[in-house]
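For reference, the structure discussed in these notes is given below.
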Amino acid sequence: MDIRSFSIPTEIHLGAGALEILPSLCGKRVMVVADPVMTQLGFTERVCGLARQAGAATIVFDEVEPDPSQETCAAGAALAEEFKPDTIIGLGGGSTLDVTKTVRAVCETPGATVASQVAAGYNPQPRETGKITCIAIPSTSGTGSEVSRGAVITETTAQGPLKRILFTGTPDIALLDPAVPATMPSHVAADSGYDALAHAVESVASVESHRVTQALAAGAVAAVFANLPASVQETGVTTARNEMHVAAAMAGATMRAGLGLCHALSHQLTPAFGIPHGRANALLLPHVVAYNGQAAVERYTDLAARLGLNGDQPVASLVAALAKLRADTGIPASLQAAGVTKAQLAQALPHMVANGAKDPNARTNPRQPTPDEIERLYWDAWEDRRELAHAH
Ligand SMILES: [Fe+2]
């Protein structure tokens with residue numbers, strides 16, 4: 001028996017004006033968790049206004065930082081315990097959506113705290129589901145948090161910050177309105193767009209992928225290659241940005257099949273060097289695909305063909321195309337170019353190698369690395385050394 005399962009319980013509404021249907025979706029006590037930048041741009045007030053149209057009382061928590069901490073989630077959860085929302089809306093990038101999902105999970109899990117959820121990790125806890133409707137309104141196009149079941153929260157440990165993956169359940173509803181990411185800065189469009197690409201490319205090679213997730217991933221990869229450079233170059237409500245917003249949700253849905261070593265290793269780069277999540281994936285993805293090589297050769301060959309890369313070395317062509325797209329979107333080509341010195345990497349490596357091997361995303365990678373191989377992948381990313389030699 002080799003049964004694969006797939007569901008996207010999130011109800012997705014996409015297209016211009018999607019935000020306007022909010023009054024028909026929310027309840028009477030609405031908590032809005034927002035990025036500070038969404039508040040500055042007036043989106044938080046607009047969302048609160050739409051909730052008030054439905055006769056709802058509203059409260060705002062807009063203190064979410066990038067790579068949100070356990071403490072931020074706890075502050076949001078404390079506000080929710082007091083306000084007792086029937087609807088919680090996440091308005092912002094992946095960090096904000098992750099905090100929103102974590103707060104909802106804490107409120108629906110009897111006796112839970114953020115710390116207990118972090119300790120439970122990716123193991124679902126018994127929950128009173130349906131108590132709070134969770135609505136995700138992403139403002140960036142890439143993390144896929146609007147359709148994913150987990151959240152990434154940063155825990156402070158004695159050894160330094162550590163990214164922890166929690167099971168939170170998916171949002172009930174996602175509103176993909178192109179007006180919301182229209183003002184996203186170009187470098188955020190590049191980094192988050194590359195994150196979407198990493199989700200799709202990693203899930204294709206995952207040991208748990210299947211035809212449904214592979215089809216979604218192939219569609220997302222094609223859309224990213226076709227639209228990411230234009231979405232970086234031009235802000236506003238553009239076709240490229242709209243396509244990227246939908247591609248990000250498609251790629252996010254493929255995470256149901258698991259990711260791989262790129263995410264396992266990028267989760268160490270962000271706390272160590274402050275490199276944004278999507279950019280950290282961009283620095284690693286070509287190297288991880290080259291490393292996986294033969295272990296996922298059929299899946300990579302299909303993907304290469306989908307992109308019109310029909311040469312006799314499909315994996316090498318795919319690796320080159322991933323690196324070229326990275327360059328075309330203005331993302332640095334190497335950890336070195338991203339400002340990490342050789343000495344800094346050498347010092348951080350033991351911690352990163354140990355935690356990278358333990359990251360749950362590594363489990364579904366098609367090739368299981370030794371600690372030496374992980375170390376080598378970080379050095380490959382440091383100098384953008386791309387070769388397929390060690391893939392054979
Ligand atoms: Fe990601």
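Ordering of the structure tokens sets the chain letters (A, B, ...), residue numbers begin anew at 1 in every chain, and ligands are numbered from 1 in the order given.
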
Open item on the list: With DSSP run on the backbone, what are the alpha helix (DSSP H) residues within segment 165-379 of chain A? I'd like them as a ChimeraX atom specification.
Closed with: /A:186-205,211-233,239-254,261-273,277-292,297-306,314-328,342-358,371-379

Task: Near-segment 91-107 of chain A list (7 Å; only C-alpha atoms; drop same-chain fewer than 2 positions) as number ranges by chain - done: A: 33-35, 38, 64, 66-68, 73, 76-77, 81, 89, 109, 112-114, 132, 136-140, 143, 145-146, 151-152, 168, 171

Open item on the list: Just want the residues within 12 Å of ligand 1, written as an NGL selection string, counting only C-alpha atoms and all ligand atoms.
Closed with: :A and (67 or 93-95 or 98 or 141-145 or 148 or 150-152 or 165 or 191-203 or 248-249 or 251-255 or 258-267 or 270 or 276-282 or 284-285 or 361)

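Coordinates place atom CA of Gln294 of chain A at a distance of 9.4 Å from atom CA of Pro366 of chain A.
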
TODO: Excluding Thr239 of chain A and residues on its chain fewer than 3 positions from it, collect all residues at most 10 Å away from it, counting only C-alpha atoms, and give them as a ChimeraX atom specification.
DONE: /A:178,227,230-231,236,242-245

Restricted to all heavy atoms, what would the selected residues look like written as an mmCIF file, in the first residue's frame?
data_model
loop_
_atom_site.group_PDB
_atom_site.id
_atom_site.type_symbol
_atom_site.label_atom_id
_atom_site.label_comp_id
_atom_site.auth_asym_id
_atom_site.auth_seq_id
_atom_site.Cartn_x
_atom_site.Cartn_y
_atom_site.Cartn_z
ATOM 1 N N PRO A 178 -4.902 41.472 -5.312
ATOM 2 C CA PRO A 178 -3.640 42.049 -5.806
ATOM 3 C C PRO A 178 -3.362 43.462 -5.303
ATOM 4 O O PRO A 178 -2.232 43.936 -5.392
ATOM 5 C CB PRO A 178 -3.814 42.030 -7.328
ATOM 6 C CG PRO A 178 -5.266 41.871 -7.582
ATOM 7 C CD PRO A 178 -5.829 41.136 -6.400
ATOM 8 N N ASN A 227 6.890 35.288 -14.381
ATOM 9 C CA ASN A 227 6.415 36.549 -13.809
ATOM 10 C C ASN A 227 7.294 37.196 -12.750
ATOM 11 O O ASN A 227 7.125 38.381 -12.461
ATOM 12 C CB ASN A 227 5.017 36.343 -13.195
ATOM 13 C CG ASN A 227 3.993 36.008 -14.260
ATOM 14 O OD1 ASN A 227 3.626 36.865 -15.062
ATOM 15 N ND2 ASN A 227 3.550 34.755 -14.291
ATOM 16 N N ALA A 230 9.413 40.498 -13.753
ATOM 17 C CA ALA A 230 8.548 41.672 -13.968
ATOM 18 C C ALA A 230 7.909 42.135 -12.664
ATOM 19 O O ALA A 230 7.738 43.337 -12.444
ATOM 20 C CB ALA A 230 7.466 41.343 -14.992
ATOM 21 N N SER A 231 7.589 41.206 -11.777
ATOM 22 C CA SER A 231 6.946 41.605 -10.521
ATOM 23 C C SER A 231 7.942 42.310 -9.593
ATOM 24 O O SER A 231 7.552 43.080 -8.730
ATOM 25 C CB SER A 231 6.293 40.406 -9.832
ATOM 26 O OG SER A 231 7.113 39.867 -8.848
ATOM 27 N N GLY A 236 2.783 48.037 -8.033
ATOM 28 C CA GLY A 236 1.421 48.374 -8.475
ATOM 29 C C GLY A 236 0.599 47.119 -8.714
ATOM 30 O O GLY A 236 1.078 46.002 -8.518
ATOM 31 N N ASN A 242 -0.011 39.957 -9.763
ATOM 32 C CA ASN A 242 -1.196 39.144 -9.508
ATOM 33 C C ASN A 242 -0.883 37.658 -9.733
ATOM 34 O O ASN A 242 -1.249 36.794 -8.924
ATOM 35 C CB ASN A 242 -2.341 39.602 -10.427
ATOM 36 C CG ASN A 242 -3.681 39.031 -9.995
ATOM 37 O OD1 ASN A 242 -3.849 38.591 -8.859
ATOM 38 N ND2 ASN A 242 -4.639 39.013 -10.907
ATOM 39 N N GLU A 243 -0.177 37.368 -10.833
ATOM 40 C CA GLU A 243 0.185 35.972 -11.130
ATOM 41 C C GLU A 243 1.078 35.401 -10.023
ATOM 42 O O GLU A 243 0.931 34.244 -9.625
ATOM 43 C CB GLU A 243 0.918 35.882 -12.475
ATOM 44 C CG GLU A 243 0.042 36.178 -13.681
ATOM 45 C CD GLU A 243 -1.045 35.137 -13.875
ATOM 46 O OE1 GLU A 243 -0.740 33.946 -13.770
ATOM 47 O OE2 GLU A 243 -2.212 35.521 -14.097
ATOM 48 N N MET A 244 2.019 36.215 -9.535
ATOM 49 C CA MET A 244 2.901 35.744 -8.460
ATOM 50 C C MET A 244 2.112 35.480 -7.171
ATOM 51 O O MET A 244 2.421 34.541 -6.436
ATOM 52 C CB MET A 244 3.999 36.788 -8.174
ATOM 53 C CG MET A 244 5.177 36.748 -9.113
ATOM 54 S SD MET A 244 6.017 35.141 -9.194
ATOM 55 C CE MET A 244 6.443 34.859 -7.483
ATOM 56 N N HIS A 245 1.101 36.302 -6.924
ATOM 57 C CA HIS A 245 0.312 36.142 -5.697
ATOM 58 C C HIS A 245 -0.422 34.791 -5.713
ATOM 59 O O HIS A 245 -0.505 34.109 -4.694
ATOM 60 C CB HIS A 245 -0.694 37.296 -5.598
ATOM 61 C CG HIS A 245 -0.970 37.730 -4.192
ATOM 62 N ND1 HIS A 245 0.013 37.865 -3.232
ATOM 63 C CD2 HIS A 245 -2.130 38.066 -3.559
ATOM 64 C CE1 HIS A 245 -0.525 38.243 -2.088
ATOM 65 N NE2 HIS A 245 -1.834 38.369 -2.261
#

- [ ] Run DSSP on the backbone and give me the residues of segment 124-273 of chain A it puts in strand (DSSP E or B), as a PyMOL selection string.
- [x] chain A and resi 133-138+150-157+160-167+173-176

Task: Nearby residues (only C-alpha atoms) at most 9 Å from Thr133 of chain A, same-chain spacing under 3 positions excluded, as a ChimeraX atom specification - done: /A:25-27,85-89,104,130,171-173
